[in-house]
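First comes the structure, then the notes that go with it.
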Amino acid sequence: MTTSPNARLDHDFPGGRMRIGALLPLTTTAFLMIVTETMPAGVLPAMAQDLDVAPSAIGLLVSVYALASASAAIPVVALTRRLPRRPLLIGLLFCFALANSVTALSASYALTVAARIIAGLAAGVAWPVVIGFAVRISDGRNVGRAVAMTLVGSTVAMVAGLPLGTMLGGVLGWRVSYALLSAVALGIVAWVLAILPSVSSLEEEQASSIKHVAGIPGMRQVLLVTLLGIIAHYALYTYIAPFAEMLSLTHGTTEALLLFGSGALIGVTTVGRLTDKSPFGVAVTVPALTVVSLLVLFLVRSPAIEVVIIFLWGCSFGGLPTILQSATARIAGRAHAELATAMLTTVYNTGIFSGGALGGLVFDRLGAARIPLLSVTFIAAALMIILVNARVFSNRENEAEMSGP
């Protein structure tokens, strides 16, 4: 007799209810992945001097990570989906520890690039595994909340993790920052062993294929909205430093990043509470807020207004990943959650890379002031797709599967 998905959940997590404590190591793993990805930007000058390369070469390390993550997500998750998830997560955490240790000790740019590729490949697989755990910990009514709590780690990484790593790098040297990331990875391993149960892959997911998951009604629309939305945000966020210097903010880039990051933290927690109750309403409100925010940033030059608008832009940015991941989980169902998340991870990282590239073209030819118009174009297209596909973004057809009988 085949065990139902919910029966397996009840065995691993008594009562089939979300255990918040079990989400914390997953949240910390998300924190680790984002800080590892963005750390080169925070310690760029010292790292470039130590490795005897141009600053742009260190900036390229962020793109290398993102591209490796995008390329690995689908094929490696497909190859490893029959493996028990806890040992796989532990193995991925050891990869992060190894990659950051090598980076901390490396005196060669080529070796550093290799370490970044290892970390990026691990991240491409770890995101679906982490989200898959979060989905299984929740019942059908709490998927959005569980995903949001997990993604809080990535937002905290942007708000506090990178600035802290940068500060430590400035005081103790950039190599110490990477060594500490290795220690964090090993600490999470111990946490995972203590809290997370051993969860085997679901039989339904073992039998699924990329083509099958991509063909699930609504999945392609969510992936397209993801691509457009991430391009919109990262086209401007990548160049937030030169854009912030054009504004009337007292403390320029530092103030803009603090406002944006604080807003993102509010956004992810607020959307996490609302997306299970009103998925379509939240899915429309968040990109609409982005459109309004970026248009005002383009048109208005007032210190008070800029402070509020950058904060609101951060709110919309923080809420978007939760909306997209929650929609993916609802549409794919528990059986296909990890493979669907792998596809989302690939599209997400492609959007980061594309947004930076397109934003760079506008910056070089028209200046930073014009980038918000590029972003508005893409996010408005994403909003139109959501409005036309209301049923997809209010999808509750798989809640029976997510919560069981």
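Going through the structure tokens in order, the chains are called A, B, and so on, while each chain numbers its residues from 1 and the ligands are numbered from 1 in the order shown.
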Which residues of stretch 280-342 of chain A come within 7 Å of stretch 215-229 of chain A, and what is each one's closest atom pair and distance in Å (one decimal), counting only C-alpha atoms, sorted by chain and residue number, as JSON lines?
```
{"residue": "A:Leu324", "atom": "CA", "partner": "A:Thr226", "partner_atom": "CA", "distance": 6.7}
{"residue": "A:Thr328", "atom": "CA", "partner": "A:Met219", "partner_atom": "CA", "distance": 6.8}
{"residue": "A:Ile331", "atom": "CA", "partner": "A:Met219", "partner_atom": "CA", "distance": 6.7}
{"residue": "A:Ala332", "atom": "CA", "partner": "A:Ile216", "partner_atom": "CA", "distance": 7.0}
```
Per residue of stretch 62-175 of chain A within 6 Å of stretch 341-344 of chain A, which atom pair is closest and at what distance in Å (one decimal), using only C-alpha atoms, listed by chain and increasing number, as a tab-separated table?
```
residue	atom	partner	partner_atom	distance
A:Ala73	CA	A:Ala342	CA	4.9
A:Ile74	CA	A:Ala342	CA	5.1
A:Pro128	CA	A:Thr341	CA	5.0
```
**OP:** Can you work out which one of A:Ala340, A:Leu257, A:Ala235, A:Ile188 has the shortest atom-to-atom distance to A:Leu374, counting only C-alpha atoms?
**Re:** A:Ala235
Subject >> A:Cys95 surroundings by only C-alpha atoms, 9 Å radius, close-in-sequence under 3 positions cut, as a VMD selection string >> reply: chain A and resid 90 to 92 98 to 100 118 to 119 122 185
Subject >> Picked from stretch 370-399 of chain A by DSSP as helix (DSSP H, G or I), as a count of residues only >> reply: 24
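You can rank A:Leu289, A:Gly153, A:Arg86, A:Ser71 by their closest distance to A:Ile309 using only C-alpha atoms, and at the top of that list sits A:Leu289.
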